[in-house]
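A.B. asks: Take a look at this one; I'll ask things after.
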Amino acid sequence: MSGHATPAGMVSEGVSRICDLAGVVLLIVLGWRMFFAFDSALQTPALVVGLVGMVAAGTDRKALKSYRWPLFMFAYVGIALTSSIVHEWAAVMPALRLKWTALFEPAFHLVVMAVFVSGAAYLLRTERRLSVFVVLFVGAVVVSAAQILFDRAIHSMTYVRAGTVSFPSVPQWGGVHGNSLVLTLGFPLALSISQTTRPVLRFAAGMFLGATLLGSAYVNGARGGLVTMVLTSGLMGVLVLNRWVRHRTRKVMAWALGVAAFVGVSWALWSGRMATGGFSGRGTIWQFVGALILDHAWLGVGPGNYAQGMREGGYTAILGYSEGIHNAHNLLLHVAAEIGVAGMLCLLAFLIWMVRACHEAWTAGQLPMVSLGLCFALVGFLLHSVSEDFLDARADVERTRLIVWMCFGAALAVARLPRSASTAS
């Protein structure tokens with residue numbers, strides 16, 4: 001054990017502290033711009049935040065020793081870059097495009113994701129910072145929900161069909177589906193306040209916020225998000241009841257809540273809010289996307305080449321459905337079509353790894369409100385991604401994919417929290 005720090009160590013520590021402070025400030029500014037400035041050009045600021053956070057982490061020798069690295073995320077990004085190089089090479093070289101970066105441009109948003117998530121995870125590395133992050137995150141989502149409710153209130157609470165852009169709040173997150181994603185991510189974080197604390201006021205606050213977001217999802221009009229939130233609350237309730245209540249009573253209450261969730265979902269599906277015809281035509285889209293995946297199983301058709309692959313495969317003429325031509329309306333199918341089955345499996349493994357890490361932290365009593373909320377925010381994201389794709393490189397999802405990246409960074413920070421002897425027992 002050395003009694004004095006070396007000059008190199010002091011410089012490294014100083015750089016780490018300066019970058020840490022700067023990164024936190026930049027992360028707050030980025031969050032403000034995303035939620036309240038309605039700025040869509042956020043990829044470059046996100047890259048800067050991630051790089052500053054990574055420099056802070058790289059110069060913090062103590063933190064690096066206990067890091068859990070998201071290997072599946074790096075594998076996912078690596079496969080996407082490989083697919084991009086293979087497919088862009090044929091276009092870049094014959095055209096004599098000298099910019100070698102053109103080989104990576106279709107997948108560059110995934111490089112930004114990896115950098116941002118890694119950097120943000122370090123900036124949110126303490127329990128206090130994670131708690132403040134969740135409080136601010138929920139508050140910002142509630143403001144978004146209030147805007148949706150206000151729009152509908154002045155229009156006699158009109159229910160909005162997907163695709164309707166007649167209300168000011170609809171295009172703020174790229175449409176009703178983007179609004180739905182924001183509500184879906186914030187819902188379990190708000191609800192976790194009531195499910196992990198016993199005081200009556202906190203319980204009431206969590207339930208009130210959760211009900212507000214659920215009501216906003218109803219009038220927002222995205223059916224997939226509404227169903228996702230009902231399912232998420234049911235799964236969350238069953239998990240918490242299984243921990244709080246003992247033996248037979250626990251099982252009865254858990255099953256009762258499960259039945260209630262099933263009834264709620266059935267109501268959402270059968271009360272005229274879920275269009276017929278295979279999830280609003282998505283079943284037909286998925287059928288042809290599946291055929292496209294089988295044709296290009298190894299490296300897909302290349303990042304950003306989904307529409308081109310649909311046209312060249314002859315599926316566009318058969319499908320005759322404009323939305324399905326540009327978006328598979330399913331995250332995993334879209335990823336598999338663009339970068340191959342292996343890349344899709346790496347993304348799925350990364351998502352499951354984060355859910356499991358947050359669940360382990362909750363069962364260990366490590367920051368229970370945050371870990372439980374993030375666990376089911378990611379579960380909600382997975383469920384919602386069955387009918388939508390929010391991680392694509394399209395301009396209309398730039399803000400929505402950043403809010404997902406923020407949850408990824410927070411979940412990775414939870415996974416890296418040190419387990420004390422009391423929480424590990």
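Identifiers for the structure tokens are assigned positionally: chains receive A, B, ... in sequence, residues are indexed from 1 per chain, and ligands are indexed from 1 in the order shown.
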Considering only C-alpha atoms, return as an mmCIF file with C-alpha atoms, in the first residue's frame whatever protein or nucleic-acid residues lie within 10 Å of Val48 in chain A, sequence-local ones (same chain, fewer than 4 positions apart) excluded.

C.D. replies:
data_model
loop_
_atom_site.group_PDB
_atom_site.id
_atom_site.type_symbol
_atom_site.label_atom_id
_atom_site.label_comp_id
_atom_site.auth_asym_id
_atom_site.auth_seq_id
_atom_site.Cartn_x
_atom_site.Cartn_y
_atom_site.Cartn_z
ATOM 1 C CA GLY A 23 -20.334 14.905 -17.993
ATOM 2 C CA LEU A 26 -23.859 17.840 -20.079
ATOM 3 C CA LEU A 27 -26.153 14.892 -19.336
ATOM 4 C CA GLN A 43 -26.933 12.345 -31.776
ATOM 5 C CA THR A 44 -23.834 14.559 -31.632
ATOM 6 C CA VAL A 52 -16.719 12.641 -21.638
ATOM 7 C CA GLY A 53 -18.153 9.918 -19.403
ATOM 8 C CA MET A 54 -15.807 7.318 -20.888
ATOM 9 C CA VAL A 112 -23.057 6.468 -30.574
ATOM 10 C CA VAL A 115 -20.406 5.206 -26.352
ATOM 11 C CA PHE A 116 -23.323 7.004 -24.714
ATOM 12 C CA GLY A 119 -20.329 6.888 -20.533
#

A.B. asks: Skip Ile403 in chain A itself and residues of its chain fewer than 3 positions away, then list as a PDB file with N, CA and C atoms, in the first residue's frame all residues within 12 Å of it, counting only C-alpha atoms.

C.D. replies:
ATOM      1  N   LEU A  27     -25.050  15.849 -19.326  1.00  0.00           N
ATOM      2  CA  LEU A  27     -26.153  14.892 -19.336  1.00  0.00           C
ATOM      3  C   LEU A  27     -27.461  15.570 -18.940  1.00  0.00           C
ATOM      4  N   LEU A  30     -28.541  17.688 -21.854  1.00  0.00           N
ATOM      5  CA  LEU A  30     -29.064  16.822 -22.916  1.00  0.00           C
ATOM      6  C   LEU A  30     -30.477  16.364 -22.592  1.00  0.00           C
ATOM      7  N   GLY A  31     -30.714  15.980 -21.347  1.00  0.00           N
ATOM      8  CA  GLY A  31     -32.057  15.581 -20.949  1.00  0.00           C
ATOM      9  C   GLY A  31     -33.054  16.716 -21.073  1.00  0.00           C
ATOM     10  N   TRP A  32     -32.631  17.923 -20.705  1.00  0.00           N
ATOM     11  CA  TRP A  32     -33.507  19.089 -20.840  1.00  0.00           C
ATOM     12  C   TRP A  32     -33.854  19.330 -22.307  1.00  0.00           C
ATOM     13  N   ARG A  33     -32.854  19.287 -23.168  1.00  0.00           N
ATOM     14  CA  ARG A  33     -33.101  19.503 -24.584  1.00  0.00           C
ATOM     15  C   ARG A  33     -34.046  18.452 -25.151  1.00  0.00           C
ATOM     16  N   MET A  34     -33.891  17.228 -24.697  1.00  0.00           N
ATOM     17  CA  MET A  34     -34.700  16.135 -25.220  1.00  0.00           C
ATOM     18  C   MET A  34     -36.163  16.276 -24.797  1.00  0.00           C
ATOM     19  N   PHE A  35     -36.393  16.612 -23.516  1.00  0.00           N
ATOM     20  CA  PHE A  35     -37.758  16.634 -23.007  1.00  0.00           C
ATOM     21  C   PHE A  35     -38.476  17.961 -23.233  1.00  0.00           C
ATOM     22  N   SER A  40     -34.457  17.654 -32.098  1.00  0.00           N
ATOM     23  CA  SER A  40     -34.283  16.326 -32.683  1.00  0.00           C
ATOM     24  C   SER A  40     -32.829  16.028 -33.043  1.00  0.00           C
ATOM     25  N   LEU A  42     -29.905  15.311 -31.723  1.00  0.00           N
ATOM     26  CA  LEU A  42     -29.344  14.961 -30.423  1.00  0.00           C
ATOM     27  C   LEU A  42     -28.228  13.920 -30.498  1.00  0.00           C
ATOM     28  N   GLN A  43     -27.930  13.409 -31.683  1.00  0.00           N
ATOM     29  CA  GLN A  43     -26.933  12.345 -31.776  1.00  0.00           C
ATOM     30  C   GLN A  43     -25.536  12.851 -31.424  1.00  0.00           C
ATOM     31  N   ALA A  46     -25.216  13.530 -27.687  1.00  0.00           N
ATOM     32  CA  ALA A  46     -25.152  12.250 -26.979  1.00  0.00           C
ATOM     33  C   ALA A  46     -23.769  11.636 -27.086  1.00  0.00           C
ATOM     34  N   MET A 113     -24.647   4.898 -29.630  1.00  0.00           N
ATOM     35  CA  MET A 113     -25.350   4.234 -28.533  1.00  0.00           C
ATOM     36  C   MET A 113     -24.379   3.581 -27.565  1.00  0.00           C
ATOM     37  N   PHE A 116     -22.461   6.286 -25.661  1.00  0.00           N
ATOM     38  CA  PHE A 116     -23.323   7.004 -24.714  1.00  0.00           C
ATOM     39  C   PHE A 116     -23.699   6.128 -23.525  1.00  0.00           C
ATOM     40  N   VAL A 117     -24.112   4.903 -23.783  1.00  0.00           N
ATOM     41  CA  VAL A 117     -24.511   4.009 -22.694  1.00  0.00           C
ATOM     42  C   VAL A 117     -23.341   3.755 -21.752  1.00  0.00           C
ATOM     43  N   PHE A 137     -36.437  11.910 -14.338  1.00  0.00           N
ATOM     44  CA  PHE A 137     -36.979  11.197 -15.494  1.00  0.00           C
ATOM     45  C   PHE A 137     -38.500  11.084 -15.369  1.00  0.00           C
ATOM     46  N   VAL A 138     -38.966  10.626 -14.209  1.00  0.00           N
ATOM     47  CA  VAL A 138     -40.411  10.485 -14.003  1.00  0.00           C
ATOM     48  C   VAL A 138     -41.095  11.837 -14.088  1.00  0.00           C
ATOM     49  N   ALA A 140     -40.198  14.468 -15.803  1.00  0.00           N
ATOM     50  CA  ALA A 140     -40.254  14.903 -17.199  1.00  0.00           C
ATOM     51  C   ALA A 140     -41.316  14.128 -17.971  1.00  0.00           C
ATOM     52  N   VAL A 141     -41.443  12.824 -17.695  1.00  0.00           N
ATOM     53  CA  VAL A 141     -42.467  12.024 -18.367  1.00  0.00           C
ATOM     54  C   VAL A 141     -43.865  12.490 -17.958  1.00  0.00           C
ATOM     55  N   TRP A 173     -42.765  13.533 -30.108  1.00  0.00           N
ATOM     56  CA  TRP A 173     -41.855  12.391 -29.988  1.00  0.00           C
ATOM     57  C   TRP A 173     -41.899  11.533 -31.242  1.00  0.00           C
ATOM     58  N   GLY A 178     -44.284   7.246 -30.511  1.00  0.00           N
ATOM     59  CA  GLY A 178     -43.196   7.806 -29.726  1.00  0.00           C
ATOM     60  C   GLY A 178     -43.671   8.274 -28.361  1.00  0.00           C
ATOM     61  N   ASN A 179     -44.825   8.959 -28.328  1.00  0.00           N
ATOM     62  CA  ASN A 179     -45.419   9.340 -27.041  1.00  0.00           C
ATOM     63  C   ASN A 179     -45.665   8.113 -26.180  1.00  0.00           C
ATOM     64  N   LEU A 181     -44.078   5.270 -26.183  1.00  0.00           N
ATOM     65  CA  LEU A 181     -42.842   4.731 -25.626  1.00  0.00           C
ATOM     66  C   LEU A 181     -42.418   5.510 -24.388  1.00  0.00           C
ATOM     67  N   VAL A 182     -42.498   6.839 -24.450  1.00  0.00           N
ATOM     68  CA  VAL A 182     -42.124   7.662 -23.301  1.00  0.00           C
ATOM     69  C   VAL A 182     -42.971   7.298 -22.091  1.00  0.00           C
ATOM     70  N   LEU A 183     -44.269   7.159 -22.283  1.00  0.00           N
ATOM     71  CA  LEU A 183     -45.163   6.799 -21.182  1.00  0.00           C
ATOM     72  C   LEU A 183     -44.870   5.390 -20.673  1.00  0.00           C
ATOM     73  N   THR A 184     -44.569   4.478 -21.598  1.00  0.00           N
ATOM     74  CA  THR A 184     -44.283   3.098 -21.212  1.00  0.00           C
ATOM     75  C   THR A 184     -43.033   3.000 -20.347  1.00  0.00           C
ATOM     76  N   LEU A 185     -42.004   3.788 -20.664  1.00  0.00           N
ATOM     77  CA  LEU A 185     -40.775   3.758 -19.879  1.00  0.00           C
ATOM     78  C   LEU A 185     -40.963   4.418 -18.517  1.00  0.00           C
ATOM     79  N   GLY A 186     -41.719   5.496 -18.475  1.00  0.00           N
ATOM     80  CA  GLY A 186     -41.908   6.197 -17.209  1.00  0.00           C
ATOM     81  C   GLY A 186     -42.884   5.519 -16.269  1.00  0.00           C
ATOM     82  N   ALA A 377     -39.184  -1.103 -16.714  1.00  0.00           N
ATOM     83  CA  ALA A 377     -39.114  -0.186 -17.854  1.00  0.00           C
ATOM     84  C   ALA A 377     -38.536  -0.912 -19.058  1.00  0.00           C
ATOM     85  N   LEU A 378     -37.504  -1.740 -18.808  1.00  0.00           N
ATOM     86  CA  LEU A 378     -36.904  -2.522 -19.888  1.00  0.00           C
ATOM     87  C   LEU A 378     -37.841  -3.636 -20.355  1.00  0.00           C
ATOM     88  N   PHE A 381     -40.274  -1.954 -22.502  1.00  0.00           N
ATOM     89  CA  PHE A 381     -39.670  -1.650 -23.799  1.00  0.00           C
ATOM     90  C   PHE A 381     -39.658  -2.886 -24.694  1.00  0.00           C
ATOM     91  N   PHE A 390     -38.006   1.199 -32.141  1.00  0.00           N
ATOM     92  CA  PHE A 390     -37.606   2.518 -31.667  1.00  0.00           C
ATOM     93  C   PHE A 390     -36.092   2.729 -31.678  1.00  0.00           C
ATOM     94  N   LEU A 391     -35.319   1.779 -32.178  1.00  0.00           N
ATOM     95  CA  LEU A 391     -33.862   1.913 -32.189  1.00  0.00           C
ATOM     96  C   LEU A 391     -33.307   2.069 -33.598  1.00  0.00           C
ATOM     97  N   VAL A 397     -37.194   8.854 -35.079  1.00  0.00           N
ATOM     98  CA  VAL A 397     -37.042   8.150 -33.802  1.00  0.00           C
ATOM     99  C   VAL A 397     -35.770   8.573 -33.068  1.00  0.00           C
ATOM    100  N   GLU A 398     -35.135   9.671 -33.506  1.00  0.00           N
ATOM    101  CA  GLU A 398     -33.871  10.064 -32.877  1.00  0.00           C
ATOM    102  C   GLU A 398     -34.053  10.410 -31.406  1.00  0.00           C
ATOM    103  N   ARG A 399     -35.120  11.141 -31.075  1.00  0.00           N
ATOM    104  CA  ARG A 399     -35.365  11.490 -29.673  1.00  0.00           C
ATOM    105  C   ARG A 399     -35.814  10.265 -28.879  1.00  0.00           C
ATOM    106  N   THR A 400     -36.646   9.440 -29.487  1.00  0.00           N
ATOM    107  CA  THR A 400     -37.162   8.292 -28.746  1.00  0.00           C
ATOM    108  C   THR A 400     -36.079   7.254 -28.481  1.00  0.00           C
ATOM    109  N   MET A 406     -30.876   6.230 -22.504  1.00  0.00           N
ATOM    110  CA  MET A 406     -30.733   6.701 -21.124  1.00  0.00           C
ATOM    111  C   MET A 406     -31.119   5.606 -20.136  1.00  0.00           C
ATOM    112  N   CYS A 407     -32.176   4.887 -20.445  1.00  0.00           N
ATOM    113  CA  CYS A 407     -32.574   3.772 -19.579  1.00  0.00           C
ATOM    114  C   CYS A 407     -31.526   2.669 -19.604  1.00  0.00           C
ATOM    115  N   PHE A 408     -30.939   2.413 -20.769  1.00  0.00           N
ATOM    116  CA  PHE A 408     -29.859   1.430 -20.858  1.00  0.00           C
ATOM    117  C   PHE A 408     -28.691   1.834 -19.954  1.00  0.00           C
ATOM    118  N   GLY A 409     -28.292   3.114 -20.029  1.00  0.00           N
ATOM    119  CA  GLY A 409     -27.182   3.584 -19.213  1.00  0.00           C
ATOM    120  C   GLY A 409     -27.473   3.462 -17.731  1.00  0.00           C
ATOM    121  N   ALA A 410     -28.711   3.812 -17.322  1.00  0.00           N
ATOM    122  CA  ALA A 410     -29.089   3.703 -15.914  1.00  0.00           C
ATOM    123  C   ALA A 410     -29.108   2.247 -15.463  1.00  0.00           C
TER     124      ALA A 410
END

A.B. asks: Could you pull out all residues of range 15-141 of chain A with a DSSP call of helix (DSSP H, G or I) and give them as a PyMOL selection string?

C.D. replies: chain A and resi 15-36+43-58+61-65+71-92+100-103+105-123+127-141

A.B. asks: Smallest atom-to-atom distance to Phe150 in chain A: which of A:Asn220, A:Gly283, A:Lys65, A:Arg202, using only C-alpha atoms?

C.D. replies: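 Ranked by minimum distance to Phe150 in chain A, first place goes to A:Asn220.
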
A.B. asks: Would you compute the distance between CA of Trp353 in chain A and CA of Gly58 in chain A? Give it in Å to one decimal.

C.D. replies: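 Distance between the two atoms: 23.3 Å.
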
A.B. asks: Of the candidates A:Ile285, A:Val135, A:Leu231, A:Cys375, which shows the shortest atom-to-atom distance to His329 in chain A, using only C-alpha atoms?

C.D. replies: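 Comparing A:Ile285, A:Val135, A:Leu231, A:Cys375 against His329 in chain A, the winner is A:Ile285.
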
A.B. asks: Of the candidates A:Leu333, A:Leu47, A:Val29, A:Ile154, which shows the shortest atom-to-atom distance to Asp389 in chain A, using only C-alpha atoms?

C.D. replies: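 Among the listed residues, A:Leu333 lies closest to Asp389 in chain A.
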
A.B. asks: Of the candidates A:Pro303, A:Ile293, A:Ala153, A:His334, which shows the shortest atom-to-atom distance to Leu110 in chain A, using only C-alpha atoms?

C.D. replies: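 Closest residue, counting only C-alpha atoms: A:Pro303.
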
A.B. asks: Leu345 in chain A: which residues within 12 Å, counting only C-alpha atoms, same-chain residues fewer than 3 positions away excluded, as a list in words?

C.D. replies: Phe72, Met73, Ala75, Tyr76, Val77, Ile79, Ala297, Trp298, Leu331, Leu332, Leu333, Val335, Ala336, Ile339, Gly340, Val341, Ala342, Leu348, Ala349, Phe350, Leu351, Ile352 and Trp353 of chain A

A.B. asks: Could you write those residues out with N, CA and C atoms, as a short mmCIF file (atom, residue, chain, number, x, y, z; two decimals), in the first residue's frame?

C.D. replies:
data_model
loop_
_atom_site.label_atom_id
_atom_site.label_comp_id
_atom_site.auth_asym_id
_atom_site.auth_seq_id
_atom_site.Cartn_x
_atom_site.Cartn_y
_atom_site.Cartn_z
N PHE A 72 -22.49 -8.19 -24.63
CA PHE A 72 -23.48 -8.45 -25.67
C PHE A 72 -23.77 -7.18 -26.48
N MET A 73 -23.77 -6.02 -25.82
CA MET A 73 -23.98 -4.77 -26.54
C MET A 73 -22.85 -4.52 -27.52
N ALA A 75 -20.94 -6.78 -28.86
CA ALA A 75 -21.05 -7.77 -29.93
C ALA A 75 -22.12 -7.35 -30.94
N TYR A 76 -23.23 -6.84 -30.45
CA TYR A 76 -24.31 -6.36 -31.32
C TYR A 76 -23.82 -5.24 -32.23
N VAL A 77 -23.12 -4.26 -31.65
CA VAL A 77 -22.60 -3.15 -32.44
C VAL A 77 -21.53 -3.64 -33.42
N ILE A 79 -21.26 -6.60 -34.85
CA ILE A 79 -21.89 -7.31 -35.96
C ILE A 79 -22.54 -6.31 -36.91
N ALA A 297 -29.84 -14.43 -43.81
CA ALA A 297 -29.79 -14.78 -42.39
C ALA A 297 -28.50 -14.39 -41.70
N TRP A 298 -27.37 -14.35 -42.43
CA TRP A 298 -26.07 -14.18 -41.78
C TRP A 298 -25.79 -12.73 -41.41
N LEU A 331 -39.01 -4.69 -33.35
CA LEU A 331 -37.60 -4.39 -33.18
C LEU A 331 -36.70 -5.56 -33.59
N LEU A 332 -36.96 -6.73 -33.04
CA LEU A 332 -36.07 -7.87 -33.28
C LEU A 332 -36.11 -8.31 -34.73
N LEU A 333 -37.30 -8.30 -35.34
CA LEU A 333 -37.38 -8.68 -36.76
C LEU A 333 -36.67 -7.65 -37.64
N VAL A 335 -34.13 -5.72 -36.77
CA VAL A 335 -32.69 -5.90 -36.57
C VAL A 335 -32.19 -7.13 -37.31
N ALA A 336 -32.93 -8.24 -37.20
CA ALA A 336 -32.53 -9.47 -37.89
C ALA A 336 -32.49 -9.27 -39.40
N ILE A 339 -29.17 -6.76 -39.96
CA ILE A 339 -27.79 -7.19 -39.64
C ILE A 339 -27.68 -8.69 -39.39
N GLY A 340 -28.76 -9.44 -39.53
CA GLY A 340 -28.69 -10.88 -39.39
C GLY A 340 -29.18 -11.40 -38.05
N VAL A 341 -29.38 -12.69 -38.00
CA VAL A 341 -29.95 -13.34 -36.81
C VAL A 341 -28.99 -13.24 -35.63
N ALA A 342 -27.68 -13.38 -35.87
CA ALA A 342 -26.72 -13.32 -34.78
C ALA A 342 -26.74 -11.96 -34.10
N LEU A 348 -30.94 -9.04 -28.14
CA LEU A 348 -31.89 -9.65 -27.20
C LEU A 348 -31.18 -10.08 -25.92
N ALA A 349 -29.99 -10.68 -26.06
CA ALA A 349 -29.23 -11.10 -24.88
C ALA A 349 -28.83 -9.90 -24.03
N PHE A 350 -28.48 -8.79 -24.67
CA PHE A 350 -28.12 -7.58 -23.93
C PHE A 350 -29.32 -7.06 -23.14
N LEU A 351 -30.49 -7.03 -23.75
CA LEU A 351 -31.69 -6.57 -23.07
C LEU A 351 -32.04 -7.48 -21.89
N ILE A 352 -31.96 -8.79 -22.11
CA ILE A 352 -32.26 -9.74 -21.03
C ILE A 352 -31.24 -9.62 -19.91
N TRP A 353 -29.96 -9.41 -20.27
CA TRP A 353 -28.91 -9.25 -19.27
C TRP A 353 -29.19 -8.05 -18.37
#
